[in-house]
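Novice: Following this line is start-v4.txt, made up of compact mmCIF, C-alpha atoms:
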# COMPACT_ATOMS: atom_id res chain seq x y z
CA MET V 528 108.94 142.30 -111.66
CA PRO V 529 105.63 141.35 -113.26
CA LEU V 530 105.63 139.90 -116.72
CA LEU V 531 103.40 141.86 -119.06
CA ARG V 532 100.45 140.43 -120.92
CA GLU V 533 97.02 141.83 -121.60
CA ASP V 534 95.04 138.84 -120.40
CA ASN V 535 95.33 137.22 -116.97
CA TYR V 536 97.71 134.39 -116.30
CA THR V 537 96.60 131.19 -114.56
CA ILE V 538 98.28 128.39 -112.65
CA ASP V 539 98.54 126.51 -115.96
CA ASP V 540 100.91 129.27 -117.15
CA ILE V 541 103.07 128.75 -114.04
CA TYR V 542 103.29 125.01 -114.73
CA ALA V 543 104.16 125.75 -118.37
CA LEU V 544 107.27 127.76 -117.43
CA PRO V 545 110.61 126.28 -118.51
CA GLU V 546 112.21 123.80 -116.11
CA GLY V 547 113.97 125.62 -113.29
CA GLN V 548 112.28 128.99 -113.81
CA ARG V 549 110.48 130.09 -110.66
CA ALA V 550 107.66 132.57 -110.49
CA GLU V 551 104.65 133.46 -108.39
CA LEU V 552 101.16 134.23 -109.59
CA ILE V 553 99.21 136.87 -107.69
CA ASP V 554 95.77 137.88 -108.92
CA GLY V 555 96.62 136.75 -112.44
CA VAL V 556 99.98 138.56 -112.62
CA ILE V 557 103.19 136.53 -112.90
CA TYR V 558 106.18 137.73 -110.89
CA ASP V 559 109.55 136.27 -111.83
CA MET V 560 111.67 135.11 -108.89
CA ALA V 561 115.43 135.65 -108.87
CA PRO V 562 117.64 133.00 -107.25
CA PRO V 563 118.18 133.73 -103.55
CA ASN V 564 121.57 134.84 -102.24
CA THR V 565 123.62 133.13 -99.53
CA ILE V 566 122.38 135.12 -96.52
CA HIS V 567 118.79 134.56 -97.65
CA GLN V 568 119.39 130.81 -97.76
CA ARG V 569 121.19 130.78 -94.39
CA ILE V 570 118.29 132.57 -92.72
CA VAL V 571 115.70 130.27 -94.28
CA SER V 572 117.71 127.16 -93.34
CA GLU V 573 118.26 128.21 -89.73
CA LEU V 574 114.64 129.25 -89.21
CA HIS V 575 113.44 126.01 -90.81
CA TYR V 576 115.64 123.92 -88.54
CA LYS V 577 114.65 125.85 -85.39
CA ILE V 578 110.92 125.60 -86.11
CA VAL V 579 111.02 121.90 -87.02
CA ASP V 580 113.08 121.16 -83.91
CA PHE V 581 110.55 123.00 -81.72
CA ILE V 582 107.58 121.18 -83.29
CA LYS V 583 109.21 117.76 -82.88
CA LYS V 584 110.30 118.38 -79.28
CA ASN V 585 106.75 119.42 -78.42
CA HIS V 586 105.10 116.57 -80.36
CA GLY V 587 103.32 119.09 -82.56
CA SER V 588 101.36 118.26 -85.67
CA CYS V 589 102.36 121.21 -87.86
CA HIS V 590 104.55 120.79 -90.94
CA VAL V 591 107.25 123.19 -92.15
CA PHE V 592 107.99 123.58 -95.85
CA SER V 593 110.71 125.63 -97.54
CA ALA V 594 110.39 127.13 -101.00
CA PRO V 595 109.88 125.99 -103.59
CA PHE V 596 106.60 124.78 -102.11
CA ALA V 597 103.33 125.76 -103.73
CA VAL V 598 100.70 127.63 -101.73
CA PHE V 599 97.33 128.01 -103.40
CA LEU V 600 95.88 130.74 -101.18
CA ASN V 601 92.52 131.03 -102.85
CA LYS V 602 90.36 128.41 -104.44
CA ASP V 603 90.98 129.84 -107.88
CA ASN V 604 93.51 129.47 -110.66
CA ARG V 605 94.93 133.02 -110.40
CA ASN V 606 97.06 132.71 -107.25
CA TYR V 607 100.14 130.55 -106.71
CA MET V 608 102.80 131.55 -104.21
CA GLU V 609 106.06 130.09 -102.94
CA PRO V 610 106.72 131.59 -99.49
CA ASP V 611 110.22 131.08 -98.12
CA LEU V 612 108.73 129.14 -95.20
CA SER V 613 105.20 127.83 -94.80
CA ILE V 614 104.05 126.36 -91.49
CA ILE V 615 100.84 124.39 -91.90
CA CYS V 616 98.98 122.86 -88.97
CA ASP V 617 95.95 121.46 -90.83
CA LYS V 618 97.20 118.35 -92.64
CA ASP V 619 94.02 118.31 -94.76
CA LYS V 620 95.33 121.40 -96.58
CA ILE V 621 98.40 119.51 -97.81
CA ASP V 622 98.42 117.37 -100.94
CA ASP V 623 100.94 116.31 -103.58
CA LYS V 624 100.89 119.75 -105.22
CA GLY V 625 101.32 121.85 -102.06
CA CYS V 626 99.07 123.70 -99.62
CA ASN V 627 95.46 124.43 -100.52
CA GLY V 628 94.42 127.40 -98.43
CA ALA V 629 96.21 129.62 -95.96
CA PRO V 630 99.21 128.29 -94.02
CA ASP V 631 99.16 129.15 -90.33
CA TRP V 632 102.48 131.00 -90.41
CA ILE V 633 104.42 132.36 -93.37
CA ILE V 634 107.95 133.74 -93.33
CA GLU V 635 109.34 135.72 -96.25
CA VAL V 636 113.00 136.76 -96.40
CA VAL V 637 113.26 140.02 -98.31
CA SER V 638 115.52 140.42 -101.30
CA PRO V 639 115.89 143.61 -103.34
CA SER V 640 113.62 142.21 -106.06
CA THR V 641 110.83 141.12 -103.66
CA LYS V 642 110.80 143.97 -101.14
CA ASN V 643 107.73 145.83 -102.42
CA LYS V 644 105.79 142.63 -103.03
CA ASP V 645 106.57 141.21 -99.54
CA TYR V 646 105.61 144.37 -97.64
CA SER V 647 102.45 145.21 -99.55
CA ILE V 648 100.90 142.78 -102.01
CA LYS V 649 101.72 139.63 -100.06
CA LEU V 650 100.78 141.19 -96.72
CA PHE V 651 97.34 142.00 -98.12
CA LYS V 652 96.92 138.56 -99.73
CA TYR V 653 98.05 136.67 -96.63
CA ARG V 654 95.85 138.76 -94.33
CA THR V 655 92.72 138.30 -96.44
CA ALA V 656 93.36 134.58 -97.01
CA GLY V 657 93.48 133.80 -93.28
CA VAL V 658 97.19 133.37 -92.56
CA ARG V 659 97.51 133.59 -88.77
CA GLU V 660 101.05 135.02 -88.58
CA TYR V 661 103.35 136.64 -91.13
CA TRP V 662 107.02 137.51 -90.72
CA ILE V 663 109.09 139.63 -93.08
CA VAL V 664 112.79 139.12 -92.42
CA ASN V 665 114.98 141.83 -93.94
CA PRO V 666 118.71 140.96 -94.05
CA LEU V 667 119.65 144.43 -95.35
CA THR V 668 118.19 146.29 -92.36
CA GLU V 669 118.54 143.33 -89.98
CA THR V 670 114.90 143.69 -88.98
CA VAL V 671 111.94 141.36 -88.64
CA GLN V 672 108.41 142.66 -89.08
CA VAL V 673 105.92 140.43 -87.24
CA TYR V 674 102.22 140.53 -88.09
CA ASP V 675 99.82 138.78 -85.71
CA LEU V 676 97.07 138.51 -88.32
CA GLU V 677 94.96 136.12 -86.27
CA ASN V 678 94.41 138.75 -83.57
CA ASN V 679 94.45 141.74 -85.94
CA GLU V 680 97.29 143.21 -83.95
CA GLN V 681 99.45 145.96 -85.38
CA SER V 682 102.80 144.74 -86.55
CA ASP V 683 105.87 144.82 -84.35
CA GLN V 684 109.36 145.43 -85.66
CA TYR V 685 112.36 143.69 -84.14
CA MET V 686 116.08 143.78 -84.73
CA PHE V 687 117.95 140.56 -85.50
CA HIS V 688 119.48 140.61 -81.98
CA ASP V 689 116.04 140.81 -80.28
CA ASP V 690 114.22 137.82 -78.86
CA ILE V 691 111.06 137.44 -80.92
CA ARG V 692 108.12 135.52 -79.48
CA VAL V 693 106.19 133.55 -82.07
CA CYS V 694 102.47 134.38 -81.98
CA ILE V 695 101.14 130.91 -82.85
CA TYR V 696 103.55 129.16 -80.43
CA ASN V 697 103.74 130.89 -77.05
CA ASP V 698 106.83 128.93 -76.02
CA LEU V 699 108.91 129.57 -79.15
CA VAL V 700 111.30 132.52 -79.14
CA MET V 701 113.56 133.29 -82.09
CA ASN V 702 116.72 135.37 -82.19
CA ILE V 703 118.02 135.72 -85.75
CA SER V 704 121.51 136.88 -84.67
CA LYS V 705 121.94 133.81 -82.49
CA LEU V 706 120.68 131.55 -85.25
CA LEU V 707 123.24 133.00 -87.67
CA ALA V 708 126.17 132.94 -85.21
CA ASP V 709 128.96 130.67 -86.41
Show this structure as structure tokens.

Specialist:
Amino acid sequence: MPLLREDNYTIDDIYALPEGQRAELIDGVIYDMAPPNTIHQRIVSELHYKIVDFIKKNHGSCHVFSAPFAVFLNKDNRNYMEPDLSIICDKDKIDDKGCNGAPDWIIEVVSPSTKNKDYSIKLFKYRTAGVREYWIVNPLTETVQVYDLENNEQSDQYMFHDDIRVCIYNDLVMNISKLLAD
């Protein structure tokens, strides 16, 4: 939910938040972030492990970061995001504060409080910033919406039990159900 204020917030306002309070800044509006639940964290952890393992086995140069990790999409002080997973292949975009510019692949795991933002506001921001691929993983519906933004393809929706081919890595296939199997 956005915090209300007449003037626009900046990244300085994000850094001024009390210790431990997480929020995102999109076009000058601050959105509070609730702590993630267990299934959210399991999905993020398993995806993170699978992607890192794939990159290492293939001697890739991309880096995978889990939230909280700052992504400064635009070269302004009005946008600061913390995607659940950010895959960045251009090491020059990474510095001590986070990623400056668009990651190559972003994965967001939906929670009730972020649903509208993930499917609309963030989709628009990621598309216009140059993110190559965007996944929205929804634990409630057990679906994954895949956007191949690099090729301007329409999105595809998959179920957790489907094999999902990653757009930026032709040889990487994900199956959320298998990743979550005990």

Novice: Please tabulate, as a tab-separated table, the residues of stretch 623-668 of chain V that come within 10 Å of stretch 534-557 of chain V, each with its closest pair of atoms and the distance in Å to one decimal, counting only C-alpha atoms and ordering rows by chain, then residue number upward.

Specialist:
residue	atom	partner	partner_atom	distance
V:Lys644	CA	V:Ile553	CA	9.9
V:Ile648	CA	V:Ile553	CA	8.4
V:Lys649	CA	V:Ile553	CA	8.5
V:Lys652	CA	V:Ile553	CA	8.5

Novice: Box along x, y and z, 3 Å on every side, all listed atoms of stretch 532-550 of chain V inside: centre and edge lengths in Å to one decimal, as AutoDock Vina command-line options.

Specialist:
--center_x 104.5 --center_y 132.8 --center_z -116.0 --size_x 24.9 --size_y 24.0 --size_z 17.1

Novice: How many Å lie between atom CA of V:Val658 and atom CA of V:Asp690, rounded to one decimal?

Specialist: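 Distance between the two atoms: 22.3 Å.
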
Novice: For stretch 569-584 of chain V, list every protein, DNA or RNA residue within 9 Å, evaluated using only C-alpha atoms, and leave out those in the same chain fewer than 3 positions away; present the list as a list of chain:residue names.

Specialist: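 My reading of the contact set: V:Asn564, V:Thr565, V:Ile566, V:Gly587, V:Ser588, V:Cys589, V:His590, V:Val591, V:Phe592, V:Ser593, V:Asp611, V:Leu612, V:Ile614, V:Ile634, V:Glu635, V:Val636, V:Val664, V:Pro666, V:Leu699, V:Met701, V:Ile703, V:Leu706, V:Leu707.
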
Novice: Name the residues in contact with V:Asp619 at a cut-off of 10 Å, using only C-alpha atoms, excluding same-chain residues fewer than 5 positions from it; report them as a list in words.

Specialist: Cys626, Asn627 and Gly628 of chain V

Novice: Suppose we keep C-alpha atoms; can you now write the selection as a compact mmCIF listing (two decimals), in the coordinates of the input?

Specialist:
# COMPACT_ATOMS: atom_id res chain seq x y z
CA CYS V 626 99.07 123.70 -99.62
CA ASN V 627 95.46 124.43 -100.52
CA GLY V 628 94.42 127.40 -98.43

Novice: Would you mind completing stretch 574-585 of chain V to N, CA and C atoms and writing the output as a PDB file, keeping the file's coordinate frame?

Specialist:
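The file below, part39.pdb, is the result:
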ATOM      1  N   LEU V 574     116.011 129.141 -89.706  1.00  0.00           N
ATOM      2  CA  LEU V 574     114.640 129.250 -89.210  1.00  0.00           C
ATOM      3  C   LEU V 574     113.902 127.921 -89.377  1.00  0.00           C
ATOM      4  N   HIS V 575     114.081 127.304 -90.535  1.00  0.00           N
ATOM      5  CA  HIS V 575     113.440 126.010 -90.810  1.00  0.00           C
ATOM      6  C   HIS V 575     113.858 124.985 -89.755  1.00  0.00           C
ATOM      7  N   TYR V 576     115.134 124.885 -89.526  1.00  0.00           N
ATOM      8  CA  TYR V 576     115.640 123.920 -88.540  1.00  0.00           C
ATOM      9  C   TYR V 576     115.078 124.210 -87.156  1.00  0.00           C
ATOM     10  N   LYS V 577     115.110 125.460 -86.729  1.00  0.00           N
ATOM     11  CA  LYS V 577     114.650 125.850 -85.390  1.00  0.00           C
ATOM     12  C   LYS V 577     113.165 125.543 -85.203  1.00  0.00           C
ATOM     13  N   ILE V 578     112.359 125.835 -86.205  1.00  0.00           N
ATOM     14  CA  ILE V 578     110.920 125.600 -86.110  1.00  0.00           C
ATOM     15  C   ILE V 578     110.613 124.106 -86.095  1.00  0.00           C
ATOM     16  N   VAL V 579     111.238 123.355 -86.985  1.00  0.00           N
ATOM     17  CA  VAL V 579     111.020 121.900 -87.020  1.00  0.00           C
ATOM     18  C   VAL V 579     111.447 121.272 -85.702  1.00  0.00           C
ATOM     19  N   ASP V 580     112.593 121.685 -85.183  1.00  0.00           N
ATOM     20  CA  ASP V 580     113.080 121.160 -83.910  1.00  0.00           C
ATOM     21  C   ASP V 580     112.069 121.435 -82.792  1.00  0.00           C
ATOM     22  N   PHE V 581     111.539 122.642 -82.741  1.00  0.00           N
ATOM     23  CA  PHE V 581     110.550 123.000 -81.720  1.00  0.00           C
ATOM     24  C   PHE V 581     109.300 122.131 -81.854  1.00  0.00           C
ATOM     25  N   ILE V 582     108.793 121.975 -83.071  1.00  0.00           N
ATOM     26  CA  ILE V 582     107.580 121.180 -83.290  1.00  0.00           C
ATOM     27  C   ILE V 582     107.803 119.734 -82.860  1.00  0.00           C
ATOM     28  N   LYS V 583     108.928 119.154 -83.244  1.00  0.00           N
ATOM     29  CA  LYS V 583     109.210 117.760 -82.880  1.00  0.00           C
ATOM     30  C   LYS V 583     109.365 117.586 -81.374  1.00  0.00           C
ATOM     31  N   LYS V 584     110.090 118.482 -80.728  1.00  0.00           N
ATOM     32  CA  LYS V 584     110.300 118.380 -79.280  1.00  0.00           C
ATOM     33  C   LYS V 584     108.987 118.509 -78.509  1.00  0.00           C
ATOM     34  N   ASN V 585     108.025 119.217 -79.083  1.00  0.00           N
ATOM     35  CA  ASN V 585     106.750 119.420 -78.420  1.00  0.00           C
ATOM     36  C   ASN V 585     105.640 118.520 -78.975  1.00  0.00           C
TER      37      ASN V 585
END
